[in-house]
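File shown: data_17.txt. Contents: compact mmCIF, C-alpha atoms.
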```txt
# COMPACT_ATOMS: atom_id res chain seq x y z
CA MET A 296 18.19 -16.28 -7.79
CA LEU A 297 16.44 -16.87 -4.49
CA ARG A 298 15.92 -20.44 -3.34
CA ASP A 299 12.22 -20.27 -4.14
CA GLY A 300 12.99 -19.37 -7.76
CA LEU A 301 12.11 -15.66 -7.57
CA SER A 302 14.56 -13.07 -8.79
CA PRO A 303 15.86 -10.86 -5.98
CA MET A 304 14.98 -7.17 -5.92
CA PRO A 305 17.77 -4.71 -6.74
CA ALA A 306 20.33 -4.29 -3.98
CA ALA A 307 19.73 -1.50 -1.49
CA GLY A 308 21.04 1.80 -2.77
CA ARG A 309 19.87 5.38 -2.89
CA ASP A 310 16.28 4.38 -2.06
CA ASP A 311 17.42 3.39 1.42
CA ASP A 312 18.16 7.02 2.27
CA GLU A 313 15.18 8.65 0.59
CA LEU A 314 12.08 9.83 2.36
CA ALA A 315 8.54 8.95 1.29
CA LEU A 316 5.58 11.25 1.86
CA TYR A 317 2.01 9.99 2.31
CA VAL A 318 -0.94 12.39 1.93
CA HIS A 319 -4.30 11.16 3.23
CA TRP A 320 -7.54 12.53 1.79
CA PRO A 321 -10.34 11.08 3.92
CA PHE A 322 -13.43 11.66 1.78
CA CYS A 323 -15.41 9.28 -0.43
CA LYS A 324 -18.74 9.59 -2.24
CA SER A 325 -19.86 6.36 -0.58
CA LYS A 326 -18.42 3.75 1.79
CA CYS A 327 -17.66 0.38 0.20
CA PRO A 328 -19.00 -2.54 2.28
CA TYR A 329 -15.58 -4.24 2.63
CA CYS A 330 -13.63 -1.08 3.50
CA ASP A 331 -12.20 -0.39 6.97
CA PHE A 332 -9.94 2.47 5.83
CA ASN A 333 -10.17 5.93 7.38
CA SER A 334 -12.67 7.18 4.80
CA HIS A 335 -15.77 9.27 5.38
CA VAL A 336 -18.79 10.47 3.43
CA ARG A 337 -19.61 14.17 3.81
CA ASP A 338 -22.30 16.30 2.19
CA GLY A 339 -19.76 19.01 1.43
CA VAL A 340 -16.07 19.81 1.86
CA ASP A 341 -14.60 23.29 2.22
CA GLN A 342 -11.85 22.75 -0.35
CA ALA A 343 -9.95 25.98 0.33
CA ARG A 344 -9.89 25.27 4.07
CA TRP A 345 -8.68 21.72 3.54
CA ARG A 346 -6.00 22.86 1.11
CA ARG A 347 -4.63 25.34 3.65
CA ALA A 348 -4.60 22.69 6.35
CA LEU A 349 -2.81 20.08 4.24
CA LEU A 350 -0.21 22.66 3.22
CA ALA A 351 0.35 23.58 6.88
CA ASP A 352 0.70 19.92 7.84
CA LEU A 353 3.17 19.42 4.98
CA ASP A 354 5.23 22.39 6.21
CA ARG A 355 5.47 20.81 9.66
CA ALA A 356 6.63 17.50 8.15
CA ALA A 357 9.23 19.32 6.07
CA GLU A 358 10.62 21.06 9.15
CA GLU A 359 11.27 17.64 10.67
CA THR A 360 12.64 15.88 7.59
CA GLY A 361 13.95 18.55 5.25
CA ALA A 362 17.50 17.24 5.09
CA GLN A 363 16.36 14.07 3.35
CA ARG A 364 15.72 13.70 -0.35
CA LEU A 365 12.13 12.91 -1.30
CA GLY A 366 11.85 9.79 -3.43
CA SER A 367 8.09 9.31 -3.58
CA ILE A 368 4.74 10.92 -2.78
CA PHE A 369 1.54 8.91 -2.43
CA PHE A 370 -1.93 10.47 -2.36
CA GLY A 371 -4.16 7.88 -0.69
CA GLY A 372 -7.55 7.77 0.92
CA GLY A 373 -10.44 7.95 0.79
CA THR A 374 -10.90 8.75 -2.85
CA GLN A 375 -7.95 10.90 -3.80
CA SER A 376 -9.24 11.62 -7.28
CA LEU A 377 -12.02 13.61 -5.57
CA MET A 378 -9.33 16.00 -4.35
CA PRO A 379 -9.33 18.99 -6.73
CA PRO A 380 -6.36 18.90 -9.12
CA GLU A 381 -5.43 22.40 -7.97
CA THR A 382 -5.00 21.06 -4.43
CA VAL A 383 -2.78 18.27 -5.74
CA ALA A 384 -0.77 20.85 -7.70
CA ALA A 385 -0.45 23.13 -4.66
CA LEU A 386 0.80 20.29 -2.46
CA LEU A 387 3.33 19.14 -5.05
CA ALA A 388 4.58 22.69 -5.58
CA ARG A 389 5.01 23.19 -1.83
CA ALA A 390 6.74 19.82 -1.49
CA ALA A 391 9.17 20.81 -4.24
CA GLU A 392 9.97 23.99 -2.31
CA ARG A 393 10.52 22.21 0.99
CA TRP A 394 12.41 19.07 -0.07
CA ARG A 395 14.98 18.02 -2.63
CA PHE A 396 13.14 15.83 -5.13
CA ALA A 397 14.80 12.73 -6.51
CA PRO A 398 15.24 13.20 -10.28
CA ASP A 399 12.86 10.29 -10.92
CA ILE A 400 10.48 10.94 -8.03
CA GLU A 401 7.43 8.67 -8.07
CA ILE A 402 4.15 10.54 -7.49
CA THR A 403 1.17 8.21 -7.14
CA LEU A 404 -2.50 9.04 -6.74
CA GLU A 405 -5.31 6.59 -6.01
CA ALA A 406 -8.43 6.93 -8.16
CA ASN A 407 -11.73 5.23 -8.82
CA PRO A 408 -12.78 4.35 -12.38
CA SER A 409 -16.09 6.25 -12.46
CA SER A 410 -16.46 8.50 -15.49
CA VAL A 411 -16.69 11.64 -13.32
CA GLU A 412 -13.36 10.93 -11.67
CA ALA A 413 -11.69 9.69 -14.86
CA ALA A 414 -12.46 13.05 -16.44
CA ARG A 415 -9.88 14.55 -14.06
CA PHE A 416 -7.02 12.32 -15.15
CA ALA A 417 -5.55 14.82 -17.61
CA ASP A 418 -5.60 17.59 -14.99
CA LEU A 419 -4.04 15.32 -12.37
CA ALA A 420 -1.26 14.37 -14.77
CA GLY A 421 -0.77 18.06 -15.53
CA ALA A 422 -0.46 18.74 -11.80
CA GLY A 423 2.52 16.39 -11.64
CA VAL A 424 1.10 12.95 -10.84
CA ASN A 425 3.12 10.37 -12.81
CA ARG A 426 1.63 7.12 -11.49
CA LEU A 427 -2.06 6.24 -11.07
CA SER A 428 -3.46 3.46 -8.88
CA LEU A 429 -6.99 2.51 -9.97
CA GLY A 430 -9.47 0.84 -7.63
CA VAL A 431 -11.04 -1.42 -10.26
CA GLN A 432 -11.60 -4.34 -7.80
CA ALA A 433 -13.21 -6.73 -10.31
CA LEU A 434 -13.52 -7.35 -14.05
CA ASP A 435 -16.99 -8.81 -13.58
CA GLU A 436 -20.31 -6.94 -13.41
CA THR A 437 -21.88 -9.17 -10.76
CA ALA A 438 -18.80 -8.93 -8.55
CA LEU A 439 -18.69 -5.14 -8.90
CA ARG A 440 -22.27 -4.91 -7.67
CA PHE A 441 -21.54 -7.25 -4.76
CA LEU A 442 -18.51 -5.15 -3.79
CA GLY A 443 -20.62 -2.00 -3.78
CA ARG A 444 -18.62 -0.28 -6.50
CA ALA A 445 -20.07 2.82 -8.15
CA HIS A 446 -18.65 1.89 -11.55
CA GLY A 447 -19.45 -0.86 -14.00
CA LEU A 448 -17.12 -2.95 -16.14
CA ALA A 449 -17.30 -0.61 -19.14
CA GLU A 450 -16.25 2.35 -16.98
CA ALA A 451 -13.41 0.31 -15.50
CA LEU A 452 -12.06 -0.63 -18.92
CA ALA A 453 -12.37 2.95 -20.15
CA ALA A 454 -10.54 4.26 -17.07
CA ILE A 455 -7.69 1.80 -17.58
CA GLU A 456 -7.24 3.06 -21.13
CA LEU A 457 -7.37 6.68 -19.96
CA ALA A 458 -4.74 5.90 -17.33
CA ARG A 459 -2.55 4.34 -20.01
CA ARG A 460 -2.94 7.49 -22.12
CA HIS A 461 -2.25 10.08 -19.42
CA PHE A 462 0.28 8.54 -17.02
CA PRO A 463 3.74 7.04 -17.60
CA ARG A 464 2.90 4.33 -15.06
CA PHE A 465 -0.35 2.92 -13.73
CA SER A 466 -1.63 0.05 -11.64
CA PHE A 467 -5.04 -1.32 -10.78
CA ASP A 468 -6.43 -3.38 -7.92
CA LEU A 469 -8.56 -6.52 -7.97
CA ILE A 470 -10.20 -8.40 -5.10
CA TYR A 471 -10.45 -12.19 -5.26
CA ALA A 472 -11.72 -15.07 -3.11
CA ARG A 473 -15.18 -13.59 -3.54
CA PRO A 474 -18.31 -15.58 -2.64
CA GLY A 475 -19.04 -18.22 -5.28
CA GLN A 476 -15.83 -17.52 -7.22
CA THR A 477 -14.37 -20.57 -8.94
CA LEU A 478 -10.76 -21.22 -9.84
CA ALA A 479 -11.58 -21.28 -13.56
CA ALA A 480 -13.43 -17.95 -13.39
CA TRP A 481 -10.57 -16.31 -11.50
CA GLU A 482 -7.98 -17.62 -13.95
CA ALA A 483 -9.98 -16.10 -16.81
CA GLU A 484 -10.18 -12.80 -14.95
CA LEU A 485 -6.44 -12.94 -14.28
CA ALA A 486 -5.72 -13.48 -17.97
CA ARG A 487 -7.75 -10.43 -18.84
CA ALA A 488 -6.10 -8.38 -16.10
CA ALA A 489 -2.62 -9.32 -17.31
CA ALA A 490 -3.53 -8.27 -20.84
CA LEU A 491 -4.78 -4.89 -19.57
CA ALA A 492 -1.99 -4.25 -17.06
CA GLY A 493 0.66 -1.61 -17.21
CA ASP A 494 3.74 -2.30 -15.10
CA HIS A 495 1.94 -3.23 -11.87
CA LEU A 496 -1.09 -5.02 -10.41
CA SER A 497 -2.38 -5.36 -6.84
CA LEU A 498 -4.46 -8.45 -6.03
CA TYR A 499 -6.08 -8.67 -2.59
CA GLN A 500 -7.89 -11.59 -1.03
CA LEU A 501 -11.28 -10.54 0.33
CA THR A 502 -11.27 -10.47 4.11
CA ILE A 503 -14.03 -9.56 6.53
CA GLU A 504 -12.94 -6.58 8.59
CA PRO A 505 -14.64 -5.66 11.89
CA GLY A 506 -16.97 -2.69 11.74
CA THR A 507 -17.67 -2.94 8.01
CA ALA A 508 -21.01 -3.57 6.32
CA PHE A 509 -19.63 -6.91 5.11
CA ALA A 510 -18.88 -7.92 8.71
CA THR A 511 -22.55 -7.46 9.59
CA ALA A 512 -23.78 -9.24 6.45
CA HIS A 513 -21.32 -12.12 6.87
CA ALA A 514 -22.28 -12.63 10.52
CA ARG A 515 -25.93 -12.66 9.45
CA GLY A 516 -25.15 -15.44 6.96
CA ASP A 517 -25.87 -13.39 3.86
CA PHE A 518 -22.80 -14.81 2.10
CA ALA A 519 -19.88 -17.17 2.68
CA LEU A 520 -16.25 -16.84 1.65
CA PRO A 521 -14.45 -19.66 -0.19
CA GLU A 522 -13.10 -22.49 1.95
CA ASP A 523 -9.41 -22.34 2.88
CA GLU A 524 -8.41 -24.94 0.28
CA LEU A 525 -10.00 -22.98 -2.57
CA ALA A 526 -8.65 -19.68 -1.25
CA GLY A 527 -5.17 -21.21 -1.26
CA ALA A 528 -5.63 -22.43 -4.82
CA LEU A 529 -6.75 -18.95 -5.89
CA TYR A 530 -3.63 -17.43 -4.32
CA GLU A 531 -1.33 -19.95 -6.00
CA ALA A 532 -3.03 -19.41 -9.36
CA THR A 533 -2.58 -15.66 -8.95
CA GLU A 534 1.18 -15.99 -8.46
CA ALA A 535 1.64 -18.55 -11.23
CA ARG A 536 -0.52 -16.87 -13.88
CA LEU A 537 0.85 -13.38 -13.37
CA ALA A 538 4.47 -14.56 -13.16
CA ALA A 539 3.97 -16.31 -16.49
CA ALA A 540 2.68 -13.00 -17.89
CA GLY A 541 5.82 -11.17 -16.74
CA LEU A 542 4.37 -9.72 -13.53
CA ALA A 543 6.54 -11.10 -10.74
CA PRO A 544 5.08 -11.49 -7.24
CA TYR A 545 7.41 -9.13 -5.36
CA GLU A 546 5.09 -8.78 -2.33
CA ILE A 547 2.18 -10.81 -0.95
CA SER A 548 -0.44 -8.81 -2.85
CA ASN A 549 1.62 -6.95 -5.44
CA TYR A 550 2.99 -7.92 -8.84
CA ALA A 551 5.20 -5.97 -11.20
CA ARG A 552 7.21 -6.06 -14.36
CA PRO A 553 10.95 -5.43 -13.81
CA GLY A 554 11.33 -1.88 -12.53
CA GLY A 555 7.57 -1.44 -12.08
CA GLU A 556 7.51 -2.06 -8.33
CA SER A 557 5.89 0.66 -6.22
CA ARG A 558 8.84 2.61 -4.89
CA HIS A 559 6.67 4.26 -2.28
CA ASN A 560 5.36 1.02 -0.83
CA LEU A 561 8.83 -0.50 -0.88
CA VAL A 562 9.83 2.18 1.63
CA TYR A 563 7.20 0.80 4.03
CA TRP A 564 8.12 -2.83 3.48
CA ARG A 565 11.84 -2.13 3.75
CA TYR A 566 11.20 -0.15 6.93
CA GLY A 567 12.45 3.13 5.54
CA ASP A 568 11.54 6.66 6.59
CA TYR A 569 8.16 8.08 5.65
CA ALA A 570 6.14 11.07 6.79
CA GLY A 571 2.35 11.07 6.87
CA ILE A 572 0.06 14.08 6.64
CA GLY A 573 -3.73 14.28 6.68
CA PRO A 574 -6.28 12.60 8.98
CA GLY A 575 -5.13 9.30 10.47
CA ALA A 576 -1.83 9.23 8.58
CA HIS A 577 1.08 7.42 10.22
CA GLY A 578 4.82 7.94 9.84
CA ARG A 579 8.12 6.30 10.77
CA LEU A 580 11.12 8.61 11.09
CA THR A 581 14.73 8.07 12.17
CA ARG A 582 15.69 10.47 14.94
CA GLY A 583 18.90 10.48 16.97
CA GLY A 584 19.74 6.94 16.00
CA GLY A 585 16.30 5.69 17.05
CA ARG A 586 12.93 5.28 15.43
CA VAL A 587 9.89 7.49 16.03
CA ALA A 588 6.31 6.51 15.18
CA THR A 589 3.99 9.41 14.37
CA ARG A 590 0.21 9.42 14.18
CA GLN A 591 -2.23 12.10 13.06
CA TYR A 592 -5.67 12.70 14.51
CA ARG A 593 -8.01 10.26 12.78
CA ALA A 594 -11.39 12.02 12.57
CA PRO A 595 -11.37 14.59 9.72
CA GLU A 596 -12.94 17.40 11.73
CA THR A 597 -10.70 16.76 14.74
CA TRP A 598 -7.61 16.78 12.52
CA LEU A 599 -8.70 19.97 10.76
CA ALA A 600 -9.33 21.77 14.06
CA ALA A 601 -5.93 20.64 15.36
CA VAL A 602 -4.12 22.02 12.33
CA GLU A 603 -5.89 25.34 12.63
CA ARG A 604 -5.16 25.47 16.34
CA GLN A 605 -1.54 24.26 16.49
CA GLY A 606 -0.27 24.32 12.90
CA HIS A 607 -0.26 20.56 12.39
CA GLY A 608 -2.49 17.50 12.85
CA ARG A 609 -0.07 15.39 14.89
CA GLU A 610 -1.66 13.53 17.80
CA GLU A 611 1.30 11.43 18.87
CA SER A 612 5.04 10.95 18.42
CA LEU A 613 6.34 7.84 20.11
CA ALA A 614 9.93 6.64 20.38
CA LEU A 615 9.96 2.93 19.54
CA ALA A 616 11.87 0.53 21.75
CA PRO A 617 14.56 -1.55 19.99
CA GLU A 618 12.48 -4.72 20.28
CA GLU A 619 9.49 -3.04 18.66
CA GLN A 620 11.65 -1.75 15.82
CA ARG A 621 12.94 -5.26 15.17
CA ARG A 622 9.41 -6.70 15.19
CA GLU A 623 8.11 -4.06 12.80
CA ALA A 624 11.01 -4.47 10.40
CA LEU A 625 10.53 -8.24 10.39
CA MET A 626 6.76 -8.09 9.93
CA MET A 627 7.04 -5.69 7.01
CA GLY A 628 10.07 -7.26 5.35
CA LEU A 629 8.72 -10.80 5.26
CA ARG A 630 5.88 -9.61 3.04
CA LEU A 631 8.45 -9.17 0.27
CA ALA A 632 9.80 -11.91 -1.96
CA GLU A 633 13.27 -10.52 -1.26
CA GLY A 634 12.62 -10.89 2.46
CA VAL A 635 14.54 -9.19 5.26
CA GLU A 636 18.00 -8.33 3.99
CA ARG A 637 20.65 -8.53 6.70
CA ARG A 638 22.51 -5.32 5.96
CA ARG A 639 19.34 -3.26 5.71
CA PHE A 640 17.90 -4.77 8.89
CA ARG A 641 21.08 -3.95 10.81
CA ALA A 642 21.10 -0.39 9.48
CA ARG A 643 17.45 0.12 10.42
CA THR A 644 17.42 -1.52 13.86
CA GLY A 645 21.03 -1.79 15.02
CA SER A 646 20.61 -5.56 15.42
CA ASP A 647 21.11 -8.77 13.50
CA VAL A 648 18.03 -10.51 12.09
CA GLU A 649 18.39 -13.36 14.57
CA ALA A 650 17.80 -10.95 17.46
CA ALA A 651 14.16 -10.61 16.39
CA LEU A 652 13.44 -14.33 16.10
CA ASP A 653 12.27 -17.13 18.35
CA ARG A 654 15.31 -19.32 17.71
CA ALA A 655 13.57 -22.40 19.09
CA ARG A 656 10.81 -22.26 16.46
CA LEU A 657 13.01 -21.29 13.52
CA PRO A 658 14.36 -24.79 12.63
CA ASP A 659 10.83 -26.19 12.32
CA LEU A 660 9.79 -23.35 10.01
CA ILE A 661 12.85 -23.92 7.83
CA ALA A 662 12.32 -27.68 7.75
CA GLY A 663 8.66 -27.17 6.89
CA GLY A 664 9.60 -25.07 3.86
CA PHE A 665 8.09 -21.83 5.17
CA VAL A 666 11.23 -19.68 5.57
CA THR A 667 14.87 -19.65 4.53
CA LEU A 668 17.75 -18.07 6.43
CA ASP A 669 21.17 -17.57 4.84
CA GLU A 670 23.96 -15.06 4.50
CA GLN A 671 21.65 -12.69 2.58
CA GLY A 672 18.89 -12.66 5.18
CA LEU A 673 15.54 -14.15 6.12
CA ARG A 674 12.82 -14.87 3.55
CA ALA A 675 9.39 -16.40 3.63
CA THR A 676 8.93 -18.92 0.82
CA PRO A 677 5.78 -18.75 -1.35
CA ALA A 678 4.21 -21.27 1.04
CA GLY A 679 5.28 -19.13 3.98
CA ARG A 680 3.92 -15.90 2.50
CA GLN A 681 0.60 -17.62 1.91
CA ARG A 682 0.51 -18.35 5.66
CA LEU A 683 2.41 -15.30 6.82
CA ASN A 684 0.29 -14.54 9.88
CA ALA A 685 1.00 -18.00 11.28
CA VAL A 686 4.69 -17.78 10.34
CA LEU A 687 5.05 -14.42 12.08
CA ALA A 688 3.24 -15.69 15.16
CA ALA A 689 5.79 -18.49 15.40
CA LEU A 690 8.85 -16.37 14.64
CA LEU A 691 7.90 -13.65 17.11
CA ALA A 692 6.69 -15.91 19.90
CA ALA A 693 9.65 -15.10 22.11
```
What is this file in structure tokens?
Amino acid sequence: MLRDGLSPMPAAGRDDDELALYVHWPFCKSKCPYCDFNSHVRDGVDQARWRRALLADLDRAAEETGAQRLGSIFFGGGTQSLMPPETVAALLARAAERWRFAPDIEITLEANPSSVEAARFADLAGAGVNRLSLGVQALDETALRFLGRAHGLAEALAAIELARRHFPRFSFDLIYARPGQTLAAWEAELARAAALAGDHLSLYQLTIEPGTAFATAHARGDFALPEDELAGALYEATEARLAAAGLAPYEISNYARPGGESRHNLVYWRYGDYAGIGPGAHGRLTRGGGRVATRQYRAPETWLAAVERQGHGREESLALAPEEQRREALMMGLRLAEGVERRRFRARTGSDVEAALDRARLPDLIAGGFVTLDEQGLRATPAGRQRLNAVLAALLAA
């Protein structure tokens, strides 16, 4: 057991050497007011043209990474369930040709709960998707309207049941710390969520992101977020209530039953190799003993033109300096309850964990109960994860 009472994740094994593939579909029917993702509303999409481009971009990624076994594929966006199932099937078939699939490969697709999109679930499962991530966001009608969601509560509940029927694994997202939300109301919503959950839940605290509709409304004074003390109580209730329901908090915003953790996202947090295709997608790849950061063109039309011109949508490949690798590995790993494991950190960066830290600030963080450092590695405690931005600022001050 870890010092904070959380069970450690399984030791690093085959997942450490497996590649993850991220596929970005940038289109949505409408833009949610809180969203700062690379998503765009278009009157029409040339599906055949986009399918060809994504397949070409996948081929380029496979040329760079083909020796690695593929452990997970994640279709994100945007609204991935608006991607035609035949495009999903074509991409999965091409991926199977170009990589060696892990026998238990995890293939996740993000979806919204609207009835139109839920009608595609059977076809998406038939295409090969074996894990669905549903953007429910709230189990409350008033909150759904505030969040600008196109679905109501009845559609959300129906979509959860359809996901349970069609996919071996499914997860759904909720957003909390909403304006006017009380601790009692959130605990009731958590209880309902736990009863509905499959093997995974994602719970995100509402934040105001620059450039969003909420940023404008919040600056105008249209609504206020909960005070820090209440927001902290909501976070603590989330961890406690879901842990009691068998959904352990394995990452700041993610909870799972044993074995239900998102394998794809664990690659990010453990600083593994992943390739990204589609507009704005990022990647991290090991090359020649170093680490390369890749980035695709962000604007959909710019990316599409680049693929048709040069055979891929890559805008940049940048070799990361050792210090930057250490910082990235630390920033990602401390999000996890398991923390930054020494052996994995050394394998990823060529350095010991201590090389990434401000050693002068570390004793105060340990004494304050925000981090622990031992022979296994560095971990943020529950109190530290709740204040992770401040903890990281202190640890990386050097």
My list of candidates is A:Ala678, A:Ala413, A:Ala588, A:Ala651. Which is closest to Glu618 of chain A when distances are computed with only C-alpha atoms?
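Of A:Ala678, A:Ala413, A:Ala588, A:Ala651, the one nearest Glu618 of chain A, counting only C-alpha atoms, is A:Ala651.
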When you look at segment 598-604 of chain A with a cut-off of 6 Å (counting only C-alpha atoms), what residues show up, excluding the ones that are within fewer than 4 positions of it in the same chain? I need them as a list in words.
Pro574, Tyr592 and Gly608 of chain A
From A:Ala624, A:Ala662, A:Ala449, A:Val336, residue lying nearest Val562 of chain A [all atoms listed in the file]:
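Of all the options, A:Ala624 lies closest to Val562 of chain A.
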Which residue, A:Arg346, A:Arg621, A:Arg630, A:Lys324, has the smallest gap to Gly373 of chain A when you use all atoms listed in the file?
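Ranking A:Arg346, A:Arg621, A:Arg630, A:Lys324 by distance to Gly373 of chain A, first place goes to A:Lys324.
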Of the candidates A:Gly447, A:Pro380, A:Pro521, A:Gly423, which one gets nearest to Pro408 of chain A if we count all atoms listed in the file?
A:Gly447
Gap from atom CA of Gly516 of chain A to atom CA of Arg444 of chain A - Å, one decimal:
21.3 Å
